[in-house]
file input.csv (CSV, C-alpha atoms)
chain,number,residue,atom,x,y,z
A,1,MET,CA,-17.4,-8.3,10.2
A,2,PHE,CA,-18.7,-7.9,6.7
A,3,THR,CA,-18.9,-4.1,6.9
A,4,ARG,CA,-15.3,-3.9,8.1
A,5,TRP,CA,-14.1,-5.9,5.1
A,6,ILE,CA,-16.2,-3.8,2.7
A,7,TYR,CA,-14.5,-0.7,3.9
A,8,ILE,CA,-11.1,-2.3,3.6
A,9,ALA,CA,-11.9,-3.4,0.1
A,10,LEU,CA,-12.9,0.1,-0.9
A,11,VAL,CA,-9.7,1.6,0.6
A,12,ILE,CA,-7.6,-1.1,-1.3
A,13,ALA,CA,-9.4,-0.2,-4.6
A,14,VAL,CA,-8.4,3.5,-4.2
A,15,ILE,CA,-5.2,3.5,-2.3
A,16,VAL,CA,-3.3,0.6,-4.1
A,17,PRO,CA,-3.0,2.3,-7.5
A,18,LEU,CA,-2.0,5.6,-5.8
A,19,ALA,CA,0.5,3.8,-3.6
A,20,ALA,CA,2.1,2.2,-6.6
A,21,VAL,CA,2.7,5.6,-8.2
A,22,VAL,CA,4.1,7.0,-4.9
A,23,ALA,CA,6.4,4.0,-4.4
A,24,ASN,CA,7.6,4.3,-8.0
A,25,ALA,CA,8.2,8.0,-7.6
A,26,ASP,CA,10.5,7.6,-4.7
A,27,ASN,CA,14.2,8.6,-4.8
A,28,ALA,CA,16.3,6.8,-7.4
A,29,ASP,CA,18.9,6.1,-4.8
A,30,ASP,CA,16.3,3.8,-3.1
A,31,VAL,CA,16.2,1.4,-6.1
A,32,ILE,CA,17.0,-2.2,-5.0
A,33,CYS,CA,19.0,-3.8,-7.8
A,34,GLY,CA,20.7,-6.7,-5.9
A,35,ASP,CA,22.9,-8.6,-8.4
A,36,LEU,CA,21.3,-7.2,-11.5
A,37,ALA,CA,23.4,-6.1,-14.4
A,38,GLU,CA,24.0,-2.4,-14.6
A,39,SER,CA,21.8,-2.0,-17.7
A,40,ASP,CA,18.9,-3.8,-15.9
A,41,CYS,CA,19.3,-1.7,-12.8
A,42,GLN,CA,19.2,1.4,-15.0
A,43,ILE,CA,15.7,0.3,-16.2
A,44,LEU,CA,14.5,0.4,-12.6
A,45,LYS,CA,16.0,3.9,-12.1
A,46,ASP,CA,14.4,5.1,-15.3
A,47,ASN,CA,11.1,3.7,-14.2
A,48,LEU,CA,11.3,5.9,-11.0
A,49,THR,CA,12.0,8.9,-13.1
A,50,ALA,CA,9.1,8.2,-15.5
A,51,MET,CA,6.6,7.6,-12.7
A,52,GLU,CA,7.5,10.9,-11.1
A,53,SER,CA,5.6,12.7,-13.9
A,54,VAL,CA,2.5,10.6,-13.6
A,55,GLY,CA,-0.5,12.5,-12.3
A,56,ALA,CA,-3.3,10.5,-13.9
A,57,MET,CA,-4.0,7.0,-15.0
A,58,SER,CA,-6.5,4.3,-15.5
A,59,PHE,CA,-6.2,1.1,-13.6
A,60,SER,CA,-7.7,-2.3,-12.9
A,61,VAL,CA,-6.9,-4.3,-9.8
A,62,SER,CA,-7.8,-7.9,-8.8
A,63,MET,CA,-7.1,-9.4,-5.5
A,64,SER,CA,-7.9,-12.5,-3.5
A,65,ILE,CA,-7.4,-13.3,0.2
A,66,ASP,CA,-7.9,-16.7,1.7
A,67,VAL,CA,-7.7,-17.5,5.4
A,68,PRO,CA,-8.1,-21.2,6.1
A,69,GLU,CA,-10.1,-22.5,8.9
A,70,GLY,CA,-8.3,-23.1,12.1
A,71,ASP,CA,-7.8,-26.3,14.0
A,72,ALA,CA,-8.3,-27.4,17.6
A,73,VAL,CA,-5.5,-25.2,18.7
A,74,ASN,CA,-5.9,-22.1,16.6
A,75,ASP,CA,-9.5,-20.9,16.7
A,76,ARG,CA,-9.7,-19.2,13.3
A,77,THR,CA,-12.7,-18.6,11.1
A,78,ALA,CA,-12.2,-19.4,7.4
A,79,MET,CA,-12.6,-16.4,5.1
A,80,ASN,CA,-12.3,-15.9,1.4
A,81,MET,CA,-12.5,-12.5,-0.3
A,82,SER,CA,-12.1,-11.7,-4.0
A,83,LEU,CA,-12.0,-8.1,-5.2
A,84,ALA,CA,-12.1,-6.6,-8.7
A,85,ALA,CA,-11.9,-2.9,-9.3
A,86,GLN,CA,-11.3,-0.6,-12.2
A,87,GLY,CA,-11.4,3.1,-12.9
A,88,SER,CA,-9.4,6.3,-13.3
A,89,LEU,CA,-7.6,8.5,-10.8
A,90,SER,CA,-5.9,11.9,-11.1
A,91,VAL,CA,-4.0,14.1,-8.7
A,92,ASP,CA,-1.5,16.9,-9.0
A,93,PRO,CA,2.1,15.3,-9.4
A,94,ALA,CA,3.4,18.1,-7.2
A,95,ILE,CA,1.2,16.9,-4.3
A,96,LEU,CA,2.5,13.3,-4.9
A,97,ALA,CA,6.1,14.7,-4.8
A,98,GLU,CA,5.3,16.4,-1.5
A,99,ILE,CA,4.0,13.1,-0.1
A,100,VAL,CA,7.1,11.3,-1.1
A,101,ASP,CA,9.3,14.0,0.6
A,102,LEU,CA,7.1,13.7,3.8
A,103,GLU,CA,7.4,9.9,3.7
A,104,ASP,CA,11.2,10.2,3.8
A,105,GLN,CA,11.0,12.6,6.7
A,106,ILE,CA,8.6,10.6,8.7
A,107,GLU,CA,10.8,7.5,8.4
A,108,GLU,CA,13.4,9.4,10.3
A,109,SER,CA,11.0,11.1,12.7
A,110,PRO,CA,7.5,9.5,13.1
A,111,SER,CA,6.4,12.5,15.3
A,112,LEU,CA,6.1,14.4,12.0
A,113,LEU,CA,2.9,12.4,11.4
A,114,LEU,CA,1.1,15.1,13.4
A,115,SER,CA,3.0,18.1,12.1
A,116,GLN,CA,1.1,20.9,10.4
A,117,ASP,CA,3.0,20.4,7.2
A,118,THR,CA,2.0,16.7,7.0
A,119,ILE,CA,-1.7,17.5,7.8
A,120,THR,CA,-1.7,20.3,5.2
A,121,VAL,CA,-0.2,18.1,2.5
A,122,LEU,CA,-2.7,15.2,3.2
A,123,ASP,CA,-5.6,17.6,3.2
A,124,SER,CA,-4.4,19.0,-0.1
A,125,PHE,CA,-4.1,15.5,-1.5
A,126,ILE,CA,-7.7,14.7,-0.6
A,127,ALA,CA,-8.9,18.0,-2.1
A,128,GLU,CA,-7.0,17.5,-5.3
A,129,LEU,CA,-8.0,13.8,-5.9
A,130,THR,CA,-10.2,13.1,-8.8
A,131,GLY,CA,-11.5,9.6,-9.4
A,132,ASP,CA,-14.1,7.2,-10.8
A,133,VAL,CA,-13.9,3.8,-9.3
A,134,ARG,CA,-16.1,0.7,-9.7
A,135,LEU,CA,-15.7,-2.2,-7.4
A,136,ASP,CA,-17.0,-5.8,-7.2
A,137,LEU,CA,-16.6,-7.6,-3.9
A,138,HIS,CA,-17.3,-11.3,-3.2
A,139,MET,CA,-16.8,-12.6,0.3
A,140,VAL,CA,-17.5,-15.8,2.2
A,141,ALA,CA,-17.1,-15.9,6.0
A,142,GLU,CA,-18.7,-17.5,9.0
A,143,GLY,CA,-21.0,-19.5,6.7
A,144,GLU,CA,-22.4,-16.3,5.0
A,145,THR,CA,-21.9,-15.0,1.5
A,146,LEU,CA,-21.8,-11.4,0.5
A,147,ASP,CA,-21.7,-9.8,-3.0
A,148,VAL,CA,-21.4,-6.0,-3.3
A,149,GLU,CA,-21.1,-3.7,-6.3
A,150,MET,CA,-19.9,-0.2,-5.6
A,151,HIS,CA,-19.4,3.0,-7.7
A,152,LEU,CA,-17.3,5.7,-6.0
A,153,LEU,CA,-16.8,9.2,-7.4
A,154,MET,CA,-14.2,11.7,-6.1
A,155,ARG,CA,-13.7,15.4,-6.9
A,156,ASP,CA,-12.7,18.5,-5.0
A,157,GLY,CA,-12.7,16.7,-1.7
A,158,ILE,CA,-16.2,15.2,-2.3
A,159,PHE,CA,-16.6,11.5,-2.1
A,160,VAL,CA,-19.9,9.9,-3.0
A,161,LEU,CA,-21.2,6.3,-3.3
A,162,ASP,CA,-24.1,5.0,-5.3
A,163,ALA,CA,-27.3,4.1,-3.6
A,164,GLY,CA,-27.1,0.4,-4.6
A,165,ALA,CA,-23.9,0.0,-2.7
A,166,LEU,CA,-25.3,1.8,0.3
A,167,GLU,CA,-28.4,-0.5,0.4
A,168,ASP,CA,-26.1,-3.5,0.5
A,169,LEU,CA,-24.0,-1.9,3.3
A,170,MET,CA,-27.0,-0.8,5.4
A,171,GLY,CA,-29.4,-3.6,4.6
A,172,GLN,CA,-32.3,-1.2,3.9
A,173,PRO,CA,-33.5,0.8,0.8
A,174,MET,CA,-32.2,4.3,0.3
A,175,GLN,CA,-35.5,5.9,-0.8
A,176,GLY,CA,-35.1,9.1,-2.6
A,177,VAL,CA,-31.3,9.0,-2.5
A,178,ASP,CA,-29.2,8.0,-5.5
A,179,TRP,CA,-25.9,9.1,-4.2
A,180,LEU,CA,-24.7,9.7,-0.7
A,181,GLY,CA,-21.3,11.0,0.3
A,182,LEU,CA,-19.0,13.2,2.4
A,183,ASP,CA,-17.3,16.5,2.0
A,184,ALA,CA,-13.9,15.4,3.2
A,185,ASN,CA,-12.2,18.7,2.9
A,186,GLY,CA,-10.1,19.3,6.0
A,187,ILE,CA,-10.7,15.8,7.3
A,188,MET,CA,-7.0,15.2,8.2
A,189,THR,CA,-7.1,18.4,10.3
A,190,LEU,CA,-10.1,16.9,12.1
A,191,VAL,CA,-8.5,13.5,12.6
A,192,ALA,CA,-5.3,15.1,14.0
A,193,SER,CA,-7.3,17.0,16.5
A,194,ASP,CA,-8.6,13.8,18.1
A,195,PRO,CA,-6.8,13.2,21.4
A,196,SER,CA,-6.9,9.4,20.9
A,197,VAL,CA,-5.1,9.8,17.6
A,198,THR,CA,-2.5,12.1,19.1
A,199,GLU,CA,-1.9,9.6,21.9
A,200,ALA,CA,-1.6,6.6,19.5
A,201,LEU,CA,0.8,8.3,17.2
A,202,GLY,CA,2.8,9.7,20.1
A,203,LEU,CA,3.9,6.1,20.9
A,204,MET,CA,5.9,6.1,17.6
A,205,GLU,CA,8.0,9.1,18.4
A,206,ASP,CA,10.9,7.1,19.8
A,207,MET,CA,10.9,4.6,16.9
A,208,GLY,CA,12.6,6.8,14.3
A,209,THR,CA,15.7,5.6,12.6
A,210,ASP,CA,18.0,6.7,9.8
A,211,ALA,CA,16.5,6.2,6.3
A,212,SER,CA,19.8,4.7,5.0
A,213,ASP,CA,19.5,2.0,7.7
A,214,ILE,CA,16.0,1.1,6.5
A,215,GLN,CA,17.3,1.0,2.9
A,216,ALA,CA,20.2,-1.3,4.0
A,217,VAL,CA,17.7,-3.7,5.7
A,218,GLU,CA,15.5,-3.8,2.5
A,219,GLU,CA,18.4,-4.5,0.3
A,220,ALA,CA,19.8,-7.3,2.5
A,221,ALA,CA,16.4,-9.1,2.6
A,222,THR,CA,15.5,-8.6,-1.1
A,223,SER,CA,16.7,-10.5,-4.2
A,224,VAL,CA,15.9,-9.2,-7.7
A,225,THR,CA,15.9,-11.1,-11.0
A,226,ARG,CA,15.2,-9.9,-14.5
A,227,LEU,CA,12.9,-12.5,-16.2
A,228,ALA,CA,12.1,-12.8,-19.9
A,229,ASP,CA,10.6,-9.8,-21.5
A,230,SER,CA,6.8,-9.9,-22.0
A,231,GLU,CA,3.9,-7.8,-23.4
A,232,ILE,CA,1.0,-6.0,-21.7
A,233,ASN,CA,-1.8,-4.8,-23.9
A,234,GLY,CA,0.6,-4.6,-26.9
A,235,VAL,CA,3.3,-2.8,-25.0
A,236,ALA,CA,6.7,-4.5,-24.7
A,237,VAL,CA,7.8,-4.7,-21.1
A,238,ALA,CA,10.8,-5.8,-19.0
A,239,VAL,CA,9.8,-8.1,-16.2
A,240,PHE,CA,11.5,-8.0,-12.8
A,241,GLU,CA,10.9,-10.5,-9.9
A,242,SER,CA,11.7,-9.4,-6.3
A,243,SER,CA,11.7,-12.0,-3.6
A,244,VAL,CA,11.7,-11.0,0.1
A,245,ASP,CA,13.2,-13.2,2.8
A,246,MET,CA,10.7,-12.4,5.5
A,247,GLY,CA,12.6,-14.2,8.2
A,248,LEU,CA,15.8,-12.3,7.6
A,249,LEU,CA,13.8,-9.1,7.2
A,250,THR,CA,12.3,-9.7,10.7
A,251,ASP,CA,15.6,-10.2,12.3
A,252,LEU,CA,17.1,-7.1,10.7
A,253,VAL,CA,14.1,-4.9,11.6
A,254,VAL,CA,14.1,-6.1,15.2
A,255,GLY,CA,17.9,-5.4,15.4
A,256,LEU,CA,17.3,-2.0,13.9
A,257,TYR,CA,14.4,-0.8,16.1
A,258,ASP,CA,15.2,-2.7,19.3
A,259,PRO,CA,19.0,-2.9,19.6
A,260,GLN,CA,18.8,-3.2,23.4
A,261,GLY,CA,16.5,-6.2,23.2
A,262,LEU,CA,13.6,-4.5,25.1
A,263,MET,CA,10.8,-6.1,23.0
A,264,ASN,CA,9.0,-9.1,24.4
A,265,PRO,CA,11.3,-12.1,23.5
A,266,ALA,CA,8.4,-14.5,23.3
A,267,GLU,CA,6.4,-12.3,20.9
A,268,VAL,CA,9.6,-11.7,18.8
A,269,ALA,CA,10.2,-15.4,18.6
A,270,MET,CA,6.7,-16.2,17.5
A,271,THR,CA,6.8,-13.5,14.8
A,272,ARG,CA,10.1,-14.9,13.5
A,273,GLU,CA,8.6,-18.4,13.4
A,274,ALA,CA,5.6,-17.3,11.4
A,275,LEU,CA,7.4,-15.0,9.0
A,276,ALA,CA,10.2,-17.6,8.4
A,277,GLU,CA,7.6,-19.6,6.6
A,278,THR,CA,6.2,-16.7,4.7
A,279,GLU,CA,6.9,-16.3,1.0
A,280,LEU,CA,6.5,-12.8,-0.5
A,281,ILE,CA,7.2,-12.2,-4.2
A,282,MET,CA,6.5,-9.2,-6.4
A,283,TRP,CA,6.7,-8.8,-10.2
A,284,GLN,CA,7.1,-5.5,-12.0
A,285,TYR,CA,6.3,-5.0,-15.7
A,286,ILE,CA,8.0,-1.9,-17.0
A,287,GLY,CA,7.7,-0.4,-20.5
A,288,ILE,CA,10.9,-0.9,-22.4
A,289,ASP,CA,10.5,2.3,-24.4
A,290,ASP,CA,8.7,4.6,-21.9
A,291,HIS,CA,9.6,3.0,-18.6
A,292,TYR,CA,6.1,3.3,-17.1
A,293,THR,CA,4.9,0.6,-14.7
A,294,TYR,CA,2.2,-1.3,-16.6
A,295,ARG,CA,1.6,-4.1,-14.2
A,296,THR,CA,2.5,-5.0,-10.6
A,297,ALA,CA,1.7,-8.4,-9.2
A,298,VAL,CA,2.2,-9.7,-5.6
A,299,SER,CA,1.9,-13.1,-4.1
A,300,MET,CA,2.2,-13.9,-0.4
A,301,GLU,CA,1.8,-17.2,1.4
A,302,MET,CA,1.9,-16.9,5.2
A,303,GLY,CA,1.8,-19.8,7.7
A,304,SER,CA,3.3,-21.2,10.8
A,305,ARG,CA,3.7,-24.6,12.3
A,306,ASP,CA,4.0,-23.1,15.8
A,307,VAL,CA,0.7,-23.9,17.6
A,308,GLU,CA,1.0,-20.6,19.4
A,309,VAL,CA,1.0,-18.6,16.2
A,310,ASP,CA,-2.0,-18.2,14.0
A,311,MET,CA,-1.1,-16.2,11.0
A,312,ALA,CA,-2.0,-18.4,8.1
A,313,MET,CA,-3.1,-16.5,5.0
A,314,SER,CA,-2.6,-16.4,1.2
A,315,LEU,CA,-2.9,-13.3,-0.9
A,316,SER,CA,-2.5,-12.6,-4.6
A,317,MET,CA,-2.9,-9.2,-6.3
A,318,THR,CA,-2.5,-7.9,-9.8
A,319,LEU,CA,-2.6,-4.2,-10.6
A,320,ASP,CA,-2.6,-3.0,-14.2
A,321,GLN,CA,-2.1,0.7,-15.1
A,322,GLY,CA,-2.3,2.6,-18.3
A,323,ASN,CA,-3.5,5.8,-20.0
A,324,PHE,CA,-0.8,7.7,-18.2
A,325,ASN,CA,-1.4,11.5,-17.8
A,326,GLU,CA,-4.6,11.4,-19.8
A,327,PRO,CA,-7.3,13.7,-18.4
A,328,VAL,CA,-9.7,12.3,-15.8
A,329,VAL,CA,-13.1,14.0,-16.0
A,330,VAL,CA,-15.6,13.4,-13.1
A,331,GLU,CA,-18.8,15.2,-12.2
A,332,ILE,CA,-20.5,14.8,-8.8
A,333,PRO,CA,-24.2,14.3,-9.4
A,334,GLU,CA,-26.2,17.4,-8.6
A,335,ASP,CA,-28.7,15.4,-6.6
A,336,ALA,CA,-26.1,13.7,-4.4
A,337,PHE,CA,-26.6,14.1,-0.7
A,338,VAL,CA,-23.3,15.2,0.6
A,339,MET,CA,-22.7,15.4,4.4
A,340,PRO,CA,-20.4,18.1,5.7
A,341,LEU,CA,-17.8,17.1,8.3
A,342,ALA,CA,-19.8,18.8,11.0
A,343,MET,CA,-22.6,16.4,10.4
A,344,LEU,CA,-20.2,13.4,10.5
A,345,MET,CA,-18.9,14.6,13.8
A,346,GLN,CA,-22.4,14.8,15.2
A,347,MET,CA,-23.2,11.3,14.0
A,348,GLY,CA,-20.0,10.0,15.6
A,349,ASN,CA,-21.0,11.5,18.9

call {"tool": "encode", "arguments": {"input": "input.csv", "output": "structure tokens"}}
result
Amino acid sequence: MFTRWIYIALVIAVIVPLAAVVANADNADDVICGDLAESDCQILKDNLTAMESVGAMSFSVSMSIDVPEGDAVNDRTAMNMSLAAQGSLSVDPAILAEIVDLEDQIEESPSLLLSQDTITVLDSFIAELTGDVRLDLHMVAEGETLDVEMHLLMRDGIFVLDAGALEDLMGQPMQGVDWLGLDANGIMTLVASDPSVTEALGLMEDMGTDASDIQAVEEAATSVTRLADSEINGVAVAVFESSVDMGLLTDLVVGLYDPQGLMNPAEVAMTREALAETELIMWQYIGIDDHYTYRTAVSMEMGSRDVEVDMAMSLSMTLDQGNFNEPVVVEIPEDAFVMPLAMLMQMGN
């Protein structure tokens, strides 16, 4: 269980900052303004335009997840995880733009997840990604406590972890090895060739829907408010709060993807029950002068009184970003032991 959460934490530390840039670089027509004044809405649109040019940044992210212990009905193990990560990431803005374009296409046709264009773009993204990330993870679950410190380096498709983190992961000393990693070039091509992946993604082919319908659903379930201006590391920022009605969102999504009512009614009802009691709020801190996103914060409280539904969880996350488009210099240590994909495949077999 611990190993699974460690890998999840590592993915969060790398993907969340990049996902924030991709989300902010989406089409300006997708901005949700709700009842905002036109001038406030323009700030959000200018934010998207500004983030389209971001190819490098420094970041720090903190996140906590708390799952309370279950009761006599819901057999749930309590878990608490706190994550702190910081570092720098860089990727070609042109690659990010291609990912945004593909995201829009996949929303309308999920079968494109396995298209050669998608695989090529994702492999290019991995090859172009440069990063230096440090992560501290603290977790308590099943009566055990785990503390892990990690240092991850990325360059030219090579991903390496420091030996200290590997010792914590494997529970044994890594004698003679300071860095161990993987040459991930072409990994998406490898993944896409797996028949089990093809089968799983094939189930999504009939779920495509028009992107404008998805936008309408998001707008209907989201309310946006401009709060008092603030300051992040000396930069004046406009603050926007977005609140999502998860119960309404569930109803709208079900109606969008299952207009004939073919989904299991009992499962749909339980999901509605759980999400009706879920609160999801996001805050954006946007530079007043340069329109960059300097901070994104998220809070979610999920729970259900229905004894048949066990989805209780609380999550909070804060992502700070800065040093936009400043060079990120990373060197992979010469003594790092880097496994080629062929070796990874042999280990998997």

call {"tool": "closest_residue", "arguments": {"input": "input.csv", "among": "A:Ser243, A:Thr189, A:Thr49, A:Thr296", "to": "Ala220 of chain A", "atoms": "all atoms listed in the file"}}
result
A:Ser243

call {"tool": "closest_residue", "arguments": {"input": "input.csv", "among": "A:Thr278, A:Asn185, A:Thr225, A:Thr145", "to": "Glu128 of chain A", "atoms": "only C-alpha atoms"}}
result
A:Asn185

call {"tool": "closest_residue", "arguments": {"input": "input.csv", "among": "A:Glu277, A:Asp229, A:Glu326, A:Glu52", "to": "Asp40 of chain A", "atoms": "all atoms listed in the file"}}
result
A:Asp229

call {"tool": "closest_residue", "arguments": {"input": "input.csv", "among": "A:Ala50, A:Ala56, A:Ala238, A:Val330", "to": "Ile288 of chain A", "atoms": "all atoms listed in the file"}}
result
A:Ala238

call {"tool": "atom_distance", "arguments": {"input": "input.csv", "atom1": "atom CA of Ile126 of chain A", "atom2": "atom CA of Val148 of chain A"}}
result
25.0 Å

call {"tool": "atom_distance", "arguments": {"input": "input.csv", "atom1": "atom CA of Leu182 of chain A", "atom2": "atom CA of Leu146 of chain A"}}
result
24.8 Å

call {"tool": "atom_distance", "arguments": {"input": "input.csv", "atom1": "atom CA of Met154 of chain A", "atom2": "atom CA of Val54 of chain A"}}
result
18.3 Å

call {"tool": "residues_around", "arguments": {"input": "input.csv", "residues": "Ile286 of chain A", "least_positions_apart": "5", "cutoff": "6 Å", "atoms": "only C-alpha atoms", "output": "PyMOL selection string"}}
result
chain A and resi 237-238+291-294
